[in-house]
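Here is the file upload-v9.cif (mmCIF, C-alpha atoms).
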data_work
loop_
_atom_site.label_atom_id
_atom_site.label_comp_id
_atom_site.auth_asym_id
_atom_site.auth_seq_id
_atom_site.Cartn_x
_atom_site.Cartn_y
_atom_site.Cartn_z
CA MET A 1 0.00 0.00 0.00
CA SER A 2 1.43 3.36 -0.95
CA ALA A 3 0.19 6.82 -0.07
CA SER A 4 1.06 10.07 -1.81
CA PRO A 5 -0.31 12.95 0.24
CA ASP A 6 -1.00 16.20 -1.54
CA ARG A 7 0.50 15.18 -4.83
CA ALA A 8 -1.76 17.61 -6.55
CA SER A 9 -3.00 20.50 -4.45
CA HIS A 10 -5.76 18.74 -2.51
CA GLU A 11 -5.52 15.23 -3.79
CA SER A 12 -4.20 12.17 -2.05
CA ILE A 13 -3.86 8.74 -3.54
CA VAL A 14 -3.83 5.40 -1.80
CA GLU A 15 -3.23 2.29 -3.84
CA ILE A 16 -3.59 -1.28 -2.62
CA ARG A 17 -2.22 -4.22 -4.56
CA THR A 18 -3.07 -7.69 -3.38
CA GLU A 19 -3.75 -11.20 -4.51
CA ALA A 20 -7.00 -11.27 -6.53
CA GLY A 21 -8.87 -13.44 -4.03
CA PRO A 22 -11.60 -12.82 -1.49
CA ALA A 23 -9.36 -12.95 1.58
CA MET A 24 -8.16 -9.34 1.45
CA ILE A 25 -11.49 -7.73 0.52
CA PRO A 26 -12.41 -7.03 4.18
CA THR A 27 -9.14 -5.09 4.50
CA ILE A 28 -9.73 -3.11 1.30
CA ARG A 29 -13.29 -2.10 2.30
CA ALA A 30 -11.99 -1.12 5.76
CA VAL A 31 -9.41 1.16 4.12
CA ALA A 32 -12.20 2.69 2.02
CA ALA A 33 -14.29 3.39 5.13
CA ASP A 34 -11.30 4.83 6.95
CA LEU A 35 -10.43 7.19 4.07
CA ALA A 36 -14.06 8.32 3.84
CA GLY A 37 -14.22 8.94 7.59
CA ARG A 38 -11.05 11.05 7.50
CA ALA A 39 -12.43 12.96 4.50
CA ASP A 40 -15.50 13.92 6.59
CA PHE A 41 -17.98 11.83 4.61
CA ASP A 42 -21.36 11.59 6.31
CA LEU A 43 -22.13 8.27 8.01
CA ASP A 44 -24.44 7.02 5.26
CA ALA A 45 -21.85 7.89 2.61
CA ILE A 46 -19.15 6.00 4.55
CA SER A 47 -21.43 2.96 4.77
CA ASP A 48 -22.30 3.20 1.07
CA LEU A 49 -18.67 3.50 -0.02
CA ARG A 50 -17.62 0.52 2.11
CA MET A 51 -20.35 -1.60 0.54
CA ALA A 52 -19.62 -0.31 -2.99
CA VAL A 53 -15.91 -1.08 -2.69
CA ASP A 54 -16.73 -4.54 -1.37
CA GLU A 55 -19.05 -5.21 -4.32
CA THR A 56 -16.51 -3.85 -6.80
CA CYS A 57 -13.70 -6.04 -5.48
CA ALA A 58 -15.91 -9.14 -5.17
CA THR A 59 -17.08 -8.70 -8.78
CA LEU A 60 -13.54 -8.35 -10.13
CA VAL A 61 -12.12 -11.19 -8.04
CA SER A 62 -14.78 -13.52 -9.45
CA ILE A 63 -13.48 -13.02 -13.00
CA ALA A 64 -9.77 -12.66 -12.24
CA ALA A 65 -7.11 -14.98 -13.59
CA PRO A 66 -5.68 -17.41 -11.03
CA GLU A 67 -2.79 -15.94 -9.03
CA SER A 68 -3.31 -12.51 -10.54
CA THR A 69 -3.27 -9.17 -8.76
CA LEU A 70 -6.14 -6.95 -7.68
CA THR A 71 -5.26 -3.27 -7.75
CA CYS A 72 -7.47 -0.80 -5.94
CA ARG A 73 -6.64 2.88 -6.16
CA PHE A 74 -8.41 5.54 -4.10
CA THR A 75 -8.11 9.17 -5.11
CA VAL A 76 -9.34 11.43 -2.34
CA VAL A 77 -10.19 14.98 -3.36
CA PRO A 78 -12.28 17.47 -1.39
CA ASP A 79 -15.83 16.12 -0.97
CA MET A 80 -15.29 13.08 -3.17
CA ILE A 81 -13.47 9.77 -3.45
CA GLU A 82 -12.79 8.08 -6.77
CA VAL A 83 -12.09 4.36 -6.76
CA GLU A 84 -10.48 2.48 -9.63
CA ALA A 85 -10.06 -1.24 -9.19
CA ALA A 86 -8.68 -3.66 -11.77
CA VAL A 87 -7.69 -7.27 -12.30
CA THR A 88 -6.25 -9.39 -15.07
CA MET A 89 -9.07 -11.48 -16.47
CA ALA A 90 -9.05 -15.24 -16.58
CA SER A 91 -8.38 -16.49 -20.12
CA GLY A 92 -11.42 -16.76 -22.34
CA GLN A 93 -13.17 -13.82 -20.69
CA GLY A 94 -14.28 -10.96 -22.90
CA THR A 95 -14.62 -7.32 -21.96
CA ASP A 96 -18.25 -8.08 -21.13
CA ALA A 97 -17.04 -10.27 -18.25
CA VAL A 98 -18.26 -7.72 -15.71
CA ALA A 99 -21.93 -8.65 -15.57
CA THR A 100 -24.06 -5.53 -15.31
CA ASP A 101 -27.41 -7.33 -15.24
CA THR A 102 -26.97 -8.69 -11.70
CA PHE A 103 -28.45 -7.76 -8.35
CA GLY A 104 -24.94 -6.83 -7.17
CA TRP A 105 -24.42 -4.37 -10.03
CA ARG A 106 -27.80 -2.73 -9.43
CA VAL A 107 -26.87 -2.31 -5.77
CA LEU A 108 -23.54 -0.84 -6.82
CA GLN A 109 -25.30 1.69 -9.05
CA THR A 110 -27.50 2.67 -6.14
CA LEU A 111 -24.61 3.06 -3.72
CA ALA A 112 -22.22 5.03 -5.91
CA ASP A 113 -22.83 8.46 -7.44
CA ASN A 114 -21.27 7.17 -10.63
CA VAL A 115 -20.05 3.73 -11.65
CA GLY A 116 -18.80 2.14 -14.84
CA VAL A 117 -16.73 -0.65 -16.32
CA LEU A 118 -13.22 0.26 -17.42
CA GLU A 119 -11.77 -1.48 -20.43
CA LEU A 120 -8.06 -1.25 -19.94
CA PRO A 121 -5.46 -1.78 -22.63
CA GLY A 122 -3.68 -5.05 -21.85
CA THR A 123 0.05 -5.40 -22.10
CA ASP A 124 -0.52 -8.28 -24.48
CA SER A 125 -3.50 -10.16 -25.85
CA ALA A 126 -3.08 -13.00 -23.34
CA ALA A 127 -3.54 -10.77 -20.29
CA THR A 128 -6.47 -8.41 -20.64
CA GLN A 129 -7.18 -6.07 -17.78
CA VAL A 130 -10.66 -5.10 -16.75
CA GLY A 131 -11.67 -2.62 -14.11
CA ILE A 132 -14.47 -0.79 -12.36
CA ARG A 133 -14.42 2.91 -11.61
CA LEU A 134 -16.75 4.55 -9.16
CA VAL A 135 -17.19 7.95 -7.58
CA LYS A 136 -18.72 8.63 -4.19
CA ARG A 137 -19.47 12.09 -2.87
CA ALA A 138 -19.03 12.98 0.80
CA VAL A 139 -22.61 14.10 1.24
CA THR A 140 -25.43 11.63 0.70
CA ASP A 141 -28.32 12.73 -1.48
CA GLN A 142 -31.58 12.72 0.42
CA ARG A 143 -33.48 10.00 -1.35
CA MET B 144 -25.12 -24.76 18.27
CA THR B 145 -22.27 -22.49 17.32
CA GLU B 146 -20.57 -22.23 13.98
CA SER B 147 -17.62 -20.00 13.43
CA ALA B 148 -15.18 -19.37 10.65
CA PRO B 149 -11.82 -17.99 11.74
CA ARG B 150 -11.05 -15.80 8.76
CA SER B 151 -10.85 -12.10 8.12
CA GLY B 152 -14.47 -11.59 7.07
CA HIS B 153 -15.70 -13.86 9.83
CA LEU B 154 -19.26 -14.78 10.74
CA SER B 155 -20.76 -16.80 13.53
CA THR B 156 -24.30 -17.99 14.00
CA HIS B 157 -25.95 -19.32 17.12
CA VAL B 158 -29.47 -20.71 17.33
CA SER B 159 -31.76 -20.53 20.34
CA THR B 160 -35.31 -21.78 20.77
CA PRO B 161 -36.97 -19.68 23.49
CA SER B 162 -40.38 -21.30 23.06
CA PRO B 163 -41.94 -24.03 20.90
CA GLY B 164 -42.16 -22.93 17.28
CA ARG B 165 -40.03 -19.86 17.81
CA VAL B 166 -36.41 -19.88 16.67
CA ILE B 167 -33.88 -17.09 17.05
CA VAL B 168 -30.77 -17.09 14.88
CA HIS B 169 -28.14 -14.80 16.38
CA VAL B 170 -25.66 -13.65 13.78
CA SER B 171 -22.45 -11.79 14.44
CA GLY B 172 -19.55 -10.76 12.26
CA GLU B 173 -19.56 -9.66 8.63
CA VAL B 174 -21.88 -10.98 5.93
CA ASP B 175 -20.03 -10.78 2.62
CA THR B 176 -19.22 -12.96 -0.39
CA LEU B 177 -17.17 -15.31 1.77
CA THR B 178 -19.64 -15.72 4.61
CA ALA B 179 -23.06 -15.25 2.95
CA PRO B 180 -23.30 -18.97 1.99
CA GLU B 181 -22.87 -19.85 5.66
CA LEU B 182 -25.77 -17.59 6.66
CA ASP B 183 -27.84 -18.93 3.76
CA ALA B 184 -27.30 -22.50 4.98
CA ALA B 185 -28.12 -21.59 8.59
CA LEU B 186 -31.39 -19.93 7.53
CA ASP B 187 -32.32 -22.80 5.19
CA ARG B 188 -31.94 -25.25 8.07
CA GLN B 189 -34.37 -23.26 10.20
CA LEU B 190 -36.84 -22.59 7.38
CA ASP B 191 -36.87 -26.34 6.66
CA GLY B 192 -37.63 -27.03 10.32
CA PRO B 193 -40.79 -26.80 12.41
CA ALA B 194 -40.42 -23.12 13.32
CA THR B 195 -43.48 -20.94 12.81
CA SER B 196 -41.61 -17.79 13.67
CA LEU B 197 -38.00 -17.01 12.92
CA VAL B 198 -36.19 -14.06 14.46
CA LEU B 199 -32.93 -13.11 12.82
CA ASP B 200 -30.88 -11.19 15.36
CA LEU B 201 -28.41 -9.09 13.35
CA THR B 202 -27.38 -6.91 16.29
CA GLY B 203 -23.81 -8.18 16.04
CA VAL B 204 -23.47 -7.73 12.29
CA GLY B 205 -20.92 -5.06 11.39
CA PHE B 206 -21.11 -5.34 7.61
CA LEU B 207 -23.72 -6.50 5.11
CA ALA B 208 -22.69 -6.87 1.46
CA SER B 209 -25.11 -7.22 -1.46
CA SER B 210 -24.49 -10.99 -1.29
CA GLY B 211 -25.73 -10.91 2.32
CA LEU B 212 -28.69 -8.78 1.34
CA ALA B 213 -29.56 -11.34 -1.34
CA VAL B 214 -29.59 -14.07 1.34
CA LEU B 215 -32.00 -12.04 3.48
CA ILE B 216 -34.30 -11.37 0.52
CA LYS B 217 -34.33 -15.06 -0.40
CA ALA B 218 -35.13 -15.96 3.23
CA ALA B 219 -38.03 -13.49 3.18
CA HIS B 220 -39.48 -15.18 0.08
CA VAL B 221 -39.05 -18.70 1.48
CA ALA B 222 -40.52 -17.68 4.85
CA GLU B 223 -43.55 -16.20 3.13
CA GLU B 224 -44.07 -19.35 1.04
CA ARG B 225 -43.93 -21.53 4.13
CA GLY B 226 -46.00 -19.29 6.36
CA VAL B 227 -43.12 -18.57 8.71
CA ALA B 228 -43.15 -15.15 10.39
CA LEU B 229 -39.68 -13.72 9.76
CA SER B 230 -38.45 -10.71 11.66
CA LEU B 231 -35.10 -8.95 11.72
CA VAL B 232 -33.50 -7.33 14.74
CA THR B 233 -31.09 -4.53 13.99
CA ALA B 234 -30.42 -0.95 14.93
CA ASN B 235 -27.06 -0.88 13.25
CA ARG B 236 -26.37 1.38 10.28
CA ALA B 237 -24.25 -1.38 8.68
CA VAL B 238 -27.49 -3.36 8.23
CA VAL B 239 -30.19 -0.69 8.15
CA ARG B 240 -28.47 1.43 5.49
CA PRO B 241 -28.15 -1.35 2.88
CA LEU B 242 -31.82 -2.25 3.43
CA GLU B 243 -32.89 1.38 3.03
CA VAL B 244 -30.70 2.29 0.09
CA THR B 245 -31.88 -0.75 -1.88
CA LYS B 246 -35.49 -0.12 -0.83
CA THR B 247 -35.80 -3.67 0.49
CA ALA B 248 -36.52 -2.74 4.12
CA GLY B 249 -40.25 -3.01 3.37
CA MET B 250 -39.89 -6.75 2.77
CA PHE B 251 -39.10 -7.30 6.43
CA THR B 252 -40.56 -6.78 9.85
CA ILE B 253 -37.70 -4.95 11.55
CA HIS B 254 -37.26 -4.38 15.27
CA ASP B 255 -34.50 -2.44 16.96
CA SER B 256 -34.09 -4.93 19.80
CA LEU B 257 -34.68 -8.57 20.52
CA VAL B 258 -36.97 -7.58 23.38
CA THR B 259 -39.36 -5.68 21.10
CA ALA B 260 -39.21 -8.45 18.48
CA GLU B 261 -40.20 -11.08 21.03
CA ALA B 262 -42.85 -8.84 22.58
CA ALA B 263 -44.41 -8.36 19.14
CA LEU B 264 -44.52 -12.13 18.58
CA ASP B 265 -45.99 -12.70 22.07
CA ARG B 266 -48.70 -10.15 21.34
CA ASP B 267 -49.59 -11.72 17.99
CA GLY B 268 -49.20 -15.36 18.98
CA THR B 269 -46.85 -16.96 16.50
CA GLY B 270 -48.43 -15.15 13.55
CA SER B 271 -46.98 -12.25 11.66
CA SER B 272 -46.15 -9.11 13.55
CA GLU B 273 -46.17 -5.45 12.76
CA HIS B 274 -44.63 -2.59 14.66
#
Rewritten as C-alpha cells:
Amino acid sequence: MSASPDRASHESIVEIRTEAGPAMIPTIRAVAADLAGRADFDLDAISDLRMAVDETCATLVSIAAPESTLTCRFTVVPDMIEVEAAVTMASGQGTDAVATDTFGWRVLQTLADNVGVLELPGTDSAATQVGIRLVKRAVTDQR
Amino acid sequence: MTESAPRSGHLSTHVSTPSPGRVIVHVSGEVDTLTAPELDAALDRQLDGPATSLVLDLTGVGFLASSGLAVLIKAAHVAEERGVALSLVTANRAVVRPLEVTKTAGMFTIHDSLVTAEAALDRDGTGSSEH
C-alpha cells in the first residue's frame, strides 16, 4: 500500500495491490471506510462507499485470472473519493465479463454516485485487464 | 449450536429456541461474499424445520454486502411461502443502510431490539407481527 499525500493541491492517492482473491477484501473495504471517515464523509456515505468497494472487489475477483493481482486505487479529493479497481481477467473472458445485469451491479449503481466498467489496454493479448471505476461524494443525497 | 469461521471476514451464527415454534438465529460478524453462503445454509436449516416464527438477530453484524442482502431477501421469500413469520432485529447502520438504500426494508418486519421483536410475537401469537 502506498500513499502520496498532496501530490496535486488537494488530492491524495492510496493504492492497494493484493492477490485477486476474497481474503483481502475485508481489509480493502476497511481502508475505504477509513479514508471516507477522514475525509469527513457523512455516516451514510461511509457505509455506502464501504459496501460499494466490497461489491466492486468481489465482482472483479470472481473473473480474475488465477494468481493474478487486484489493484485498488483511491483518489481522495475534497468532498469526493474516486475508486479504480482492476484485475487481469481469466483467459477466455471478454470485456463483457463484468456482468451488469446482476443484483450486485444494481446495488452498486444505487450506492455510488457514478459507476462504470473500465476497459483497460492489456500489455498483451493474453492478459487483458478489466476494471471498475466509481465515484462517491461525501454528502449523501436525500433520497 | 455455534458455527464459526476464523477468517478475516468472519461470521458466527448461534441458534436458540426460546419457546416451541419460535427460533432465534443470532448472527455476528460480517456478511459478505465469503460468509453469505454460511448464513444462507443456517437460515435454510431453520426454514426447513418446524419453526413458525423465525427471528434473525443481526445486532452483532458489522457489515452487510449485497451478497448478504440477497440471502436475506431469499429468506423473506421462502418464509412467506412456508408461512413462517420472519423478523429482523437490527439498529445498526451497517445493516439498516443497505436495506434502506436498496429499498428492500419493506420486505421485512424490523425491530430495533430482541426484546421488542419477542414482545411483538408474544402479542400476535406466532403469527406475523407489525410494529
Step by step, work through what the PyMOL selection byres ((chain A) within 12 of (chain B)) selects in the shown file, and finish by giving those residues as an mmCIF file with C-alpha atoms, keeping the file's coordinate frame.
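File part15.cif, as written:
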data_model
loop_
_atom_site.group_PDB
_atom_site.id
_atom_site.type_symbol
_atom_site.label_atom_id
_atom_site.label_comp_id
_atom_site.auth_asym_id
_atom_site.auth_seq_id
_atom_site.Cartn_x
_atom_site.Cartn_y
_atom_site.Cartn_z
ATOM 1 C CA GLY A 21 -8.870 -13.440 -4.030
ATOM 2 C CA PRO A 22 -11.600 -12.820 -1.490
ATOM 3 C CA ALA A 23 -9.360 -12.950 1.580
ATOM 4 C CA MET A 24 -8.160 -9.340 1.450
ATOM 5 C CA ILE A 25 -11.490 -7.730 0.520
ATOM 6 C CA PRO A 26 -12.410 -7.030 4.180
ATOM 7 C CA THR A 27 -9.140 -5.090 4.500
ATOM 8 C CA ILE A 28 -9.730 -3.110 1.300
ATOM 9 C CA ARG A 29 -13.290 -2.100 2.300
ATOM 10 C CA ALA A 30 -11.990 -1.120 5.760
ATOM 11 C CA ALA A 33 -14.290 3.390 5.130
ATOM 12 C CA LEU A 43 -22.130 8.270 8.010
ATOM 13 C CA ASP A 44 -24.440 7.020 5.260
ATOM 14 C CA ALA A 45 -21.850 7.890 2.610
ATOM 15 C CA ILE A 46 -19.150 6.000 4.550
ATOM 16 C CA SER A 47 -21.430 2.960 4.770
ATOM 17 C CA ASP A 48 -22.300 3.200 1.070
ATOM 18 C CA LEU A 49 -18.670 3.500 -0.020
ATOM 19 C CA ARG A 50 -17.620 0.520 2.110
ATOM 20 C CA MET A 51 -20.350 -1.600 0.540
ATOM 21 C CA ALA A 52 -19.620 -0.310 -2.990
ATOM 22 C CA VAL A 53 -15.910 -1.080 -2.690
ATOM 23 C CA ASP A 54 -16.730 -4.540 -1.370
ATOM 24 C CA GLU A 55 -19.050 -5.210 -4.320
ATOM 25 C CA THR A 56 -16.510 -3.850 -6.800
ATOM 26 C CA CYS A 57 -13.700 -6.040 -5.480
ATOM 27 C CA ALA A 58 -15.910 -9.140 -5.170
ATOM 28 C CA THR A 59 -17.080 -8.700 -8.780
ATOM 29 C CA VAL A 61 -12.120 -11.190 -8.040
ATOM 30 C CA SER A 62 -14.780 -13.520 -9.450
ATOM 31 C CA THR A 102 -26.970 -8.690 -11.700
ATOM 32 C CA PHE A 103 -28.450 -7.760 -8.350
ATOM 33 C CA GLY A 104 -24.940 -6.830 -7.170
ATOM 34 C CA TRP A 105 -24.420 -4.370 -10.030
ATOM 35 C CA ARG A 106 -27.800 -2.730 -9.430
ATOM 36 C CA VAL A 107 -26.870 -2.310 -5.770
ATOM 37 C CA LEU A 108 -23.540 -0.840 -6.820
ATOM 38 C CA GLN A 109 -25.300 1.690 -9.050
ATOM 39 C CA THR A 110 -27.500 2.670 -6.140
ATOM 40 C CA LEU A 111 -24.610 3.060 -3.720
ATOM 41 C CA ALA A 112 -22.220 5.030 -5.910
ATOM 42 C CA THR A 140 -25.430 11.630 0.700
ATOM 43 C CA ASP A 141 -28.320 12.730 -1.480
ATOM 44 C CA GLN A 142 -31.580 12.720 0.420
ATOM 45 C CA ARG A 143 -33.480 10.000 -1.350
#
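CA of Ala65 (chain A) sits 20.2 Å away from CA of Glu15 (chain A).
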Scan for residues within 9 Å of the point (-33.4, -10.6, 15.0) in the coordinates of the file, using only C-alpha atoms, and reply as a list of chain:residue names.
->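 Residues satisfying the cut-off, written out: B:Ile167, B:Val168, B:His169, B:Val170, B:Leu197, B:Val198, B:Leu199, B:Asp200, B:Leu201, B:Thr202, B:Leu229, B:Ser230, B:Leu231, B:Val232, B:Thr233, B:Ile253, B:His254, B:Asp255, B:Ser256, B:Leu257, B:Ala260.
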Rank A:Val31, A:Val83, A:Val115, A:Leu70 by their smallest atom-to-atom distance to Gln129 (chain A), using all atoms listed in the file, and report the top residue only.
->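 Using all atoms listed in the file, Gln129 (chain A) sits closest to A:Leu70.
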Taking into account only C-alpha atoms, which residue in the set A:Thr100, A:Asn114, A:Thr71, A:Thr18 is nearest to Lys136 (chain A)?
->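 Closest to Lys136 (chain A) of all the choices is A:Asn114.
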Length of the CA of Asp191 (chain B) to CA of Ala218 (chain B) vector [Å] = 11.1 Å
Residue neighbourhood Gly172 (chain B), 7 Å, all atoms listed in the file, exclusion window fewer than 4 positions, as a ChimeraX atom specification = /B:153-155,203-205
Hey, can you check how far CA of Gln93 (chain A) sits from CA of Val130 (chain A)?
->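 These two atoms are separated by 9.9 Å.
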Take the point (-10.3, -5.6, -10.1) in the file's coordinates, draw a sphere of radius 6 Å around it, and report as a PDB file with C-alpha atoms, in the frame of the given file every protein, DNA or RNA residue with an atom inside or on it, counting all atoms listed in the file.
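Listing of result-v9.pdb after writing:
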ATOM      1  CA  CYS A  57     -13.700  -6.040  -5.480  1.00  0.00           C
ATOM      2  CA  LEU A  60     -13.540  -8.350 -10.130  1.00  0.00           C
ATOM      3  CA  LEU A  70      -6.140  -6.950  -7.680  1.00  0.00           C
ATOM      4  CA  ALA A  85     -10.060  -1.240  -9.190  1.00  0.00           C
ATOM      5  CA  ALA A  86      -8.680  -3.660 -11.770  1.00  0.00           C
ATOM      6  CA  VAL A  87      -7.690  -7.270 -12.300  1.00  0.00           C
ATOM      7  CA  GLY A 131     -11.670  -2.620 -14.110  1.00  0.00           C
TER       8      GLY A 131
END
Written as number ranges by chain, what is the full residue list that the PyMOL selection byres ((chain B and resi 219) around 12) yields on the file shown?
-> B: 183, 186-187, 190, 196-199, 212-218, 220-231, 247-253
For region 39-68 of chain A, which lacks atoms in the input, supply N, CA and C atoms and format the output as a PDB file, in the frame of the given file.
ATOM      1  N   ALA A  39     -12.071  11.911   5.458  1.00  0.00           N
ATOM      2  CA  ALA A  39     -12.430  12.960   4.500  1.00  0.00           C
ATOM      3  C   ALA A  39     -13.785  13.588   4.861  1.00  0.00           C
ATOM      4  N   ASP A  40     -14.250  13.324   6.092  1.00  0.00           N
ATOM      5  CA  ASP A  40     -15.500  13.920   6.590  1.00  0.00           C
ATOM      6  C   ASP A  40     -16.732  13.543   5.790  1.00  0.00           C
ATOM      7  N   PHE A  41     -16.764  12.328   5.247  1.00  0.00           N
ATOM      8  CA  PHE A  41     -17.980  11.830   4.610  1.00  0.00           C
ATOM      9  C   PHE A  41     -19.056  11.669   5.685  1.00  0.00           C
ATOM     10  N   ASP A  42     -20.321  11.844   5.318  1.00  0.00           N
ATOM     11  CA  ASP A  42     -21.360  11.590   6.310  1.00  0.00           C
ATOM     12  C   ASP A  42     -21.484  10.068   6.522  1.00  0.00           C
ATOM     13  N   LEU A  43     -22.154   9.679   7.610  1.00  0.00           N
ATOM     14  CA  LEU A  43     -22.130   8.270   8.010  1.00  0.00           C
ATOM     15  C   LEU A  43     -22.769   7.354   6.970  1.00  0.00           C
ATOM     16  N   ASP A  44     -23.825   7.834   6.318  1.00  0.00           N
ATOM     17  CA  ASP A  44     -24.440   7.020   5.260  1.00  0.00           C
ATOM     18  C   ASP A  44     -23.482   6.869   4.074  1.00  0.00           C
ATOM     19  N   ALA A  45     -22.782   7.940   3.745  1.00  0.00           N
ATOM     20  CA  ALA A  45     -21.850   7.890   2.610  1.00  0.00           C
ATOM     21  C   ALA A  45     -20.682   6.948   2.906  1.00  0.00           C
ATOM     22  N   ILE A  46     -20.225   6.933   4.166  1.00  0.00           N
ATOM     23  CA  ILE A  46     -19.150   6.000   4.550  1.00  0.00           C
ATOM     24  C   ILE A  46     -19.636   4.559   4.376  1.00  0.00           C
ATOM     25  N   SER A  47     -20.842   4.294   4.873  1.00  0.00           N
ATOM     26  CA  SER A  47     -21.430   2.960   4.770  1.00  0.00           C
ATOM     27  C   SER A  47     -21.602   2.541   3.306  1.00  0.00           C
ATOM     28  N   ASP A  48     -22.077   3.481   2.489  1.00  0.00           N
ATOM     29  CA  ASP A  48     -22.300   3.200   1.070  1.00  0.00           C
ATOM     30  C   ASP A  48     -20.982   2.901   0.347  1.00  0.00           C
ATOM     31  N   LEU A  49     -19.952   3.698   0.661  1.00  0.00           N
ATOM     32  CA  LEU A  49     -18.670   3.500  -0.020  1.00  0.00           C
ATOM     33  C   LEU A  49     -18.063   2.151   0.366  1.00  0.00           C
ATOM     34  N   ARG A  50     -18.177   1.795   1.655  1.00  0.00           N
ATOM     35  CA  ARG A  50     -17.620   0.520   2.110  1.00  0.00           C
ATOM     36  C   ARG A  50     -18.287  -0.642   1.359  1.00  0.00           C
ATOM     37  N   MET A  51     -19.608  -0.542   1.221  1.00  0.00           N
ATOM     38  CA  MET A  51     -20.350  -1.600   0.540  1.00  0.00           C
ATOM     39  C   MET A  51     -20.042  -1.603  -0.965  1.00  0.00           C
ATOM     40  N   ALA A  52     -19.908  -0.411  -1.547  1.00  0.00           N
ATOM     41  CA  ALA A  52     -19.620  -0.310  -2.990  1.00  0.00           C
ATOM     42  C   ALA A  52     -18.245  -0.875  -3.313  1.00  0.00           C
ATOM     43  N   VAL A  53     -17.265  -0.578  -2.459  1.00  0.00           N
ATOM     44  CA  VAL A  53     -15.910  -1.080  -2.690  1.00  0.00           C
ATOM     45  C   VAL A  53     -15.892  -2.606  -2.533  1.00  0.00           C
ATOM     46  N   ASP A  54     -16.626  -3.089  -1.563  1.00  0.00           N
ATOM     47  CA  ASP A  54     -16.730  -4.540  -1.370  1.00  0.00           C
ATOM     48  C   ASP A  54     -17.303  -5.215  -2.618  1.00  0.00           C
ATOM     49  N   GLU A  55     -18.393  -4.635  -3.138  1.00  0.00           N
ATOM     50  CA  GLU A  55     -19.050  -5.210  -4.320  1.00  0.00           C
ATOM     51  C   GLU A  55     -18.136  -5.157  -5.537  1.00  0.00           C
ATOM     52  N   THR A  56     -17.446  -4.025  -5.693  1.00  0.00           N
ATOM     53  CA  THR A  56     -16.510  -3.850  -6.800  1.00  0.00           C
ATOM     54  C   THR A  56     -15.414  -4.917  -6.770  1.00  0.00           C
ATOM     55  N   CYS A  57     -14.797  -5.075  -5.599  1.00  0.00           N
ATOM     56  CA  CYS A  57     -13.700  -6.040  -5.480  1.00  0.00           C
ATOM     57  C   CYS A  57     -14.212  -7.473  -5.652  1.00  0.00           C
ATOM     58  N   ALA A  58     -15.362  -7.781  -5.077  1.00  0.00           N
ATOM     59  CA  ALA A  58     -15.910  -9.140  -5.170  1.00  0.00           C
ATOM     60  C   ALA A  58     -16.221  -9.481  -6.636  1.00  0.00           C
ATOM     61  N   THR A  59     -16.756  -8.492  -7.364  1.00  0.00           N
ATOM     62  CA  THR A  59     -17.080  -8.700  -8.780  1.00  0.00           C
ATOM     63  C   THR A  59     -15.818  -8.988  -9.589  1.00  0.00           C
ATOM     64  N   LEU A  60     -14.768  -8.191  -9.350  1.00  0.00           N
ATOM     65  CA  LEU A  60     -13.540  -8.350 -10.130  1.00  0.00           C
ATOM     66  C   LEU A  60     -12.812  -9.650  -9.764  1.00  0.00           C
ATOM     67  N   VAL A  61     -12.800  -9.971  -8.482  1.00  0.00           N
ATOM     68  CA  VAL A  61     -12.120 -11.190  -8.040  1.00  0.00           C
ATOM     69  C   VAL A  61     -12.759 -12.432  -8.678  1.00  0.00           C
ATOM     70  N   SER A  62     -14.076 -12.355  -8.893  1.00  0.00           N
ATOM     71  CA  SER A  62     -14.780 -13.520  -9.450  1.00  0.00           C
ATOM     72  C   SER A  62     -14.424 -13.801 -10.899  1.00  0.00           C
ATOM     73  N   ILE A  63     -13.847 -12.811 -11.591  1.00  0.00           N
ATOM     74  CA  ILE A  63     -13.480 -13.020 -13.000  1.00  0.00           C
ATOM     75  C   ILE A  63     -11.965 -12.944 -13.216  1.00  0.00           C
ATOM     76  N   ALA A  64     -11.221 -12.835 -12.123  1.00  0.00           N
ATOM     77  CA  ALA A  64      -9.770 -12.660 -12.240  1.00  0.00           C
ATOM     78  C   ALA A  64      -9.062 -13.962 -12.598  1.00  0.00           C
ATOM     79  N   ALA A  65      -7.952 -13.822 -13.285  1.00  0.00           N
ATOM     80  CA  ALA A  65      -7.110 -14.980 -13.590  1.00  0.00           C
ATOM     81  C   ALA A  65      -6.513 -15.517 -12.289  1.00  0.00           C
ATOM     82  N   PRO A  66      -6.297 -16.841 -12.233  1.00  0.00           N
ATOM     83  CA  PRO A  66      -5.680 -17.410 -11.030  1.00  0.00           C
ATOM     84  C   PRO A  66      -4.332 -16.751 -10.743  1.00  0.00           C
ATOM     85  N   GLU A  67      -4.065 -16.513  -9.494  1.00  0.00           N
ATOM     86  CA  GLU A  67      -2.790 -15.940  -9.030  1.00  0.00           C
ATOM     87  C   GLU A  67      -2.489 -14.582  -9.649  1.00  0.00           C
ATOM     88  N   SER A  68      -3.540 -13.851 -10.014  1.00  0.00           N
ATOM     89  CA  SER A  68      -3.310 -12.510 -10.540  1.00  0.00           C
ATOM     90  C   SER A  68      -3.451 -11.492  -9.403  1.00  0.00           C
TER      91      SER A  68
END
